Amino acid sequence: MVVQPGERNVFDQRWVETRLWESDDKEVAVAYYRSGYAPTDFPTQKEWDGRWLIEKSRTICIPNLAYHLAGCKKVQQVLAQPGVVERQDQEEAARVRECFVGLYPLDGSADGQQAYADALSSPANYVVKPQREGGGYNTYGADIPALLGRLTEEERKAYILMDLIRAPGFNNVLLREGKLISSEVVSELGIYGLWVRDASGRVVVNKHGGHLLRTKASDVYEGGVAAGFAVIDSPLL
């Protein structure tokens, strides 16, 4: 298990570790990355070499490099471009696009220049996202012009622009620091997927693996639980 120094979120990690040791006497090599999602996780070439060494081995990497890259904002923005997901199955691509919102580059291309102008003229409609995970790194609404004003065109390549999702709110009660807080909230449902392929590229596992519902006050932009913006919730099924 690869974690950051001073890791606090250990309880679910220990549960995974315990279950792996109880894997019916089967020899399994697993690299579970709870770090490696930030530039600071790779301060020297040594860390890059270690990641590549594990990737080339028979270890089951969670995630592997391909899956890790698929979660990067820039890769998601490229996948959202017209005709990209359609390179695969056309029918599946149509269903996938039903879940997309607008994702735009902020580079020097014509699309990037247009997105840059749109963000400055109507910032309330957008969120600017860097290639980071974990909550607390995005820039919303009125704060966008100041951010873009500080960045050079080259630096803007590290960001994308996304349409702001306006989820419907409802009233609920949050439990935070031992106190009940009544508030208008919004929820975000995340679906876990289990996907494993062998060395030849053949997919051996591809199935649903559970869900996570996060709820936050409707006036809060960020949504990370560990970052303190949201709470874990349960859907009414």
# chains A, B, ... in the order shown; residues from 1 in each chain; ligands from 1
>>> residues_around(residues="A:Leu189", least_positions_apart="5", cutoff="10 Å", atoms="only C-alpha atoms", output="list in words")
His211, Leu212, Leu213, Arg214, Thr215, Asp233, Ser234 and Pro235 of chain A
>>> closest_atom_pairs(of="stretch 61-131 of chain A", to="stretch 15-37 of chain A", cutoff="8 Å", atoms="only C-alpha atoms", output="CSV")
residue,atom,partner,partner_atom,distance
A:Cys61,CA,A:Ala31,CA,4.8
A:Ile62,CA,A:Tyr32,CA,4.8
A:Pro63,CA,A:Tyr33,CA,6.8
>>> select_by_dssp(residues="stretch 26-224 of chain A", states="alpha helix (DSSP H)", output="number ranges by chain")
A: 45-56, 65-70, 73-79, 90-97, 110-121, 144-150, 153-156
>>> atom_distance(atom1="atom CA of A:Trp48", atom2="atom CA of A:Ser200")
23.9 Å
>>> residues_around(residues="stretch 98-105 of chain A", least_positions_apart="3", cutoff="6 Å", atoms="only C-alpha atoms", output="ChimeraX atom specification")
/A:77,95,112,160-163
>>> closest_residue(among="A:Glu184, A:Gln4, A:Gly228, A:Arg51", to="A:Leu65", atoms="only C-alpha atoms")
A:Arg51
>>> select_by_dssp(residues="stretch 8-236 of chain A", states="strand (DSSP E or B)", output="PyMOL selection string")
chain A and resi 30-33+60-62+103-105+126-130+139-140+159-163+170-176+179-197+203-217+231-233
>>> residues_around(residues="A:Ala142", least_positions_apart="3", cutoff="10 Å", atoms="only C-alpha atoms", output="PDB file with N, CA, C and O atoms, in the first residue's frame")
ATOM      1  N   ALA A 119     -14.921  31.956 -19.976  1.00  0.00           N
ATOM      2  CA  ALA A 119     -14.719  31.916 -18.525  1.00  0.00           C
ATOM      3  C   ALA A 119     -14.596  33.312 -17.939  1.00  0.00           C
ATOM      4  O   ALA A 119     -15.064  33.579 -16.824  1.00  0.00           O
ATOM      5  N   LEU A 120     -13.968  34.210 -18.672  1.00  0.00           N
ATOM      6  CA  LEU A 120     -13.815  35.579 -18.188  1.00  0.00           C
ATOM      7  C   LEU A 120     -15.122  36.365 -18.272  1.00  0.00           C
ATOM      8  O   LEU A 120     -15.414  37.186 -17.401  1.00  0.00           O
ATOM      9  N   SER A 122     -18.324  35.017 -18.391  1.00  0.00           N
ATOM     10  CA  SER A 122     -19.430  34.412 -17.619  1.00  0.00           C
ATOM     11  C   SER A 122     -18.886  33.414 -16.606  1.00  0.00           C
ATOM     12  O   SER A 122     -19.186  32.215 -16.666  1.00  0.00           O
ATOM     13  N   PRO A 123     -18.072  33.869 -15.655  1.00  0.00           N
ATOM     14  CA  PRO A 123     -17.415  32.930 -14.727  1.00  0.00           C
ATOM     15  C   PRO A 123     -18.384  32.139 -13.864  1.00  0.00           C
ATOM     16  O   PRO A 123     -18.047  31.032 -13.425  1.00  0.00           O
ATOM     17  N   ALA A 124     -19.581  32.668 -13.609  1.00  0.00           N
ATOM     18  CA  ALA A 124     -20.534  31.962 -12.746  1.00  0.00           C
ATOM     19  C   ALA A 124     -21.006  30.643 -13.352  1.00  0.00           C
ATOM     20  O   ALA A 124     -21.561  29.800 -12.640  1.00  0.00           O
ATOM     21  N   ASN A 125     -20.763  30.455 -14.633  1.00  0.00           N
ATOM     22  CA  ASN A 125     -21.228  29.242 -15.310  1.00  0.00           C
ATOM     23  C   ASN A 125     -20.194  28.128 -15.326  1.00  0.00           C
ATOM     24  O   ASN A 125     -20.472  27.040 -15.857  1.00  0.00           O
ATOM     25  N   TYR A 126     -19.020  28.371 -14.730  1.00  0.00           N
ATOM     26  CA  TYR A 126     -17.917  27.428 -14.933  1.00  0.00           C
ATOM     27  C   TYR A 126     -17.156  27.114 -13.646  1.00  0.00           C
ATOM     28  O   TYR A 126     -17.287  27.799 -12.634  1.00  0.00           O
ATOM     29  N   VAL A 127     -16.319  26.068 -13.747  1.00  0.00           N
ATOM     30  CA  VAL A 127     -15.331  25.728 -12.730  1.00  0.00           C
ATOM     31  C   VAL A 127     -14.032  25.417 -13.455  1.00  0.00           C
ATOM     32  O   VAL A 127     -14.031  24.757 -14.500  1.00  0.00           O
ATOM     33  N   THR A 139     -11.381  26.041  -8.835  1.00  0.00           N
ATOM     34  CA  THR A 139     -11.689  27.462  -8.728  1.00  0.00           C
ATOM     35  C   THR A 139     -13.046  27.713  -9.367  1.00  0.00           C
ATOM     36  O   THR A 139     -13.300  27.266 -10.490  1.00  0.00           O
ATOM     37  N   PRO A 145     -11.744  34.745 -12.838  1.00  0.00           N
ATOM     38  CA  PRO A 145     -10.961  35.767 -13.548  1.00  0.00           C
ATOM     39  C   PRO A 145      -9.610  36.070 -12.897  1.00  0.00           C
ATOM     40  O   PRO A 145      -8.609  36.269 -13.606  1.00  0.00           O
ATOM     41  N   ALA A 146      -9.573  36.105 -11.578  1.00  0.00           N
ATOM     42  CA  ALA A 146      -8.306  36.392 -10.898  1.00  0.00           C
ATOM     43  C   ALA A 146      -7.289  35.281 -11.153  1.00  0.00           C
ATOM     44  O   ALA A 146      -6.096  35.551 -11.373  1.00  0.00           O
ATOM     45  N   LEU A 147      -7.760  34.016 -11.113  1.00  0.00           N
ATOM     46  CA  LEU A 147      -6.852  32.896 -11.380  1.00  0.00           C
ATOM     47  C   LEU A 147      -6.313  32.966 -12.805  1.00  0.00           C
ATOM     48  O   LEU A 147      -5.099  32.874 -13.023  1.00  0.00           O
TER      49      LEU A 147
END
>>> closest_residue(among="A:Val185, A:Ile232, A:Ala115, A:Ala110", to="A:Gly169", atoms="only C-alpha atoms")
A:Val185
>>> atom_distance(atom1="atom CA of A:Met1", atom2="atom CA of A:Gly201")
24.2 Å
>>> atom_distance(atom1="atom CA of A:Asp198", atom2="atom CA of A:Glu47")
24.7 Å
>>> decode(residues="stretch 163-227 of chain A", atoms="C-alpha atoms", output="PDB file, in the first residue's frame")
ATOM      1  CA  ASP A 163     -19.582  23.666 -17.070  1.00  0.00           C
ATOM      2  CA  LEU A 164     -20.771  24.138 -13.486  1.00  0.00           C
ATOM      3  CA  ILE A 165     -23.178  21.374 -12.480  1.00  0.00           C
ATOM      4  CA  ARG A 166     -26.219  22.827 -10.740  1.00  0.00           C
ATOM      5  CA  ALA A 167     -27.612  19.927  -8.745  1.00  0.00           C
ATOM      6  CA  PRO A 168     -31.125  20.209  -7.258  1.00  0.00           C
ATOM      7  CA  GLY A 169     -31.088  20.924  -3.529  1.00  0.00           C
ATOM      8  CA  PHE A 170     -33.190  19.443  -0.739  1.00  0.00           C
ATOM      9  CA  ASN A 171     -33.368  19.755   3.049  1.00  0.00           C
ATOM     10  CA  ASN A 172     -31.510  17.304   5.248  1.00  0.00           C
ATOM     11  CA  VAL A 173     -29.544  17.061   8.500  1.00  0.00           C
ATOM     12  CA  LEU A 174     -25.751  16.691   8.550  1.00  0.00           C
ATOM     13  CA  LEU A 175     -23.753  15.244  11.445  1.00  0.00           C
ATOM     14  CA  ARG A 176     -20.459  17.093  11.734  1.00  0.00           C
ATOM     15  CA  GLU A 177     -18.104  17.204  14.738  1.00  0.00           C
ATOM     16  CA  GLY A 178     -20.824  15.662  16.899  1.00  0.00           C
ATOM     17  CA  LYS A 179     -23.401  18.339  16.025  1.00  0.00           C
ATOM     18  CA  LEU A 180     -26.584  18.079  13.954  1.00  0.00           C
ATOM     19  CA  ILE A 181     -26.784  20.766  11.269  1.00  0.00           C
ATOM     20  CA  SER A 182     -30.001  21.374   9.347  1.00  0.00           C
ATOM     21  CA  SER A 183     -29.256  22.675   5.854  1.00  0.00           C
ATOM     22  CA  GLU A 184     -30.211  22.668   2.212  1.00  0.00           C
ATOM     23  CA  VAL A 185     -27.906  20.084   0.676  1.00  0.00           C
ATOM     24  CA  VAL A 186     -26.912  18.471  -2.601  1.00  0.00           C
ATOM     25  CA  SER A 187     -25.638  14.932  -3.082  1.00  0.00           C
ATOM     26  CA  GLU A 188     -23.187  13.246  -5.440  1.00  0.00           C
ATOM     27  CA  LEU A 189     -23.444   9.516  -6.146  1.00  0.00           C
ATOM     28  CA  GLY A 190     -20.234   7.758  -7.152  1.00  0.00           C
ATOM     29  CA  ILE A 191     -20.215   4.235  -8.569  1.00  0.00           C
ATOM     30  CA  TYR A 192     -17.218   1.981  -7.982  1.00  0.00           C
ATOM     31  CA  GLY A 193     -16.077  -0.109 -10.928  1.00  0.00           C
ATOM     32  CA  LEU A 194     -13.917  -3.237 -10.766  1.00  0.00           C
ATOM     33  CA  TRP A 195     -11.778  -3.642 -13.875  1.00  0.00           C
ATOM     34  CA  VAL A 196      -8.867  -6.063 -14.316  1.00  0.00           C
ATOM     35  CA  ARG A 197      -7.027  -7.093 -17.474  1.00  0.00           C
ATOM     36  CA  ASP A 198      -4.202  -9.587 -18.058  1.00  0.00           C
ATOM     37  CA  ALA A 199      -0.833  -9.000 -19.697  1.00  0.00           C
ATOM     38  CA  SER A 200      -2.276  -9.555 -23.168  1.00  0.00           C
ATOM     39  CA  GLY A 201      -4.857  -6.834 -22.667  1.00  0.00           C
ATOM     40  CA  ARG A 202      -7.787  -9.230 -22.225  1.00  0.00           C
ATOM     41  CA  VAL A 203     -10.329  -7.891 -19.736  1.00  0.00           C
ATOM     42  CA  VAL A 204     -10.998 -10.554 -17.079  1.00  0.00           C
ATOM     43  CA  VAL A 205     -13.117  -8.490 -14.645  1.00  0.00           C
ATOM     44  CA  ASN A 206     -15.389  -5.561 -15.469  1.00  0.00           C
ATOM     45  CA  LYS A 207     -18.280  -5.097 -13.061  1.00  0.00           C
ATOM     46  CA  HIS A 208     -19.998  -2.839 -10.538  1.00  0.00           C
ATOM     47  CA  GLY A 209     -18.305  -2.767  -7.140  1.00  0.00           C
ATOM     48  CA  GLY A 210     -20.515  -0.674  -4.874  1.00  0.00           C
ATOM     49  CA  HIS A 211     -21.240   3.008  -4.433  1.00  0.00           C
ATOM     50  CA  LEU A 212     -20.495   6.084  -2.338  1.00  0.00           C
ATOM     51  CA  LEU A 213     -22.928   8.914  -1.691  1.00  0.00           C
ATOM     52  CA  ARG A 214     -21.457  12.247  -0.563  1.00  0.00           C
ATOM     53  CA  THR A 215     -23.660  15.089   0.681  1.00  0.00           C
ATOM     54  CA  LYS A 216     -22.732  18.712   1.352  1.00  0.00           C
ATOM     55  CA  ALA A 217     -24.382  22.058   1.975  1.00  0.00           C
ATOM     56  CA  SER A 218     -25.719  23.504  -1.277  1.00  0.00           C
ATOM     57  CA  ASP A 219     -23.633  26.680  -0.901  1.00  0.00           C
ATOM     58  CA  VAL A 220     -20.349  24.721  -0.706  1.00  0.00           C
ATOM     59  CA  TYR A 221     -18.515  24.228  -3.986  1.00  0.00           C
ATOM     60  CA  GLU A 222     -15.989  21.520  -3.065  1.00  0.00           C
ATOM     61  CA  GLY A 223     -17.100  17.978  -2.256  1.00  0.00           C
ATOM     62  CA  GLY A 224     -14.272  16.039  -0.602  1.00  0.00           C
ATOM     63  CA  VAL A 225     -15.124  14.099   2.570  1.00  0.00           C
ATOM     64  CA  ALA A 226     -11.556  13.755   3.896  1.00  0.00           C
ATOM     65  CA  ALA A 227     -10.990  17.444   3.045  1.00  0.00           C
TER      66      ALA A 227
END
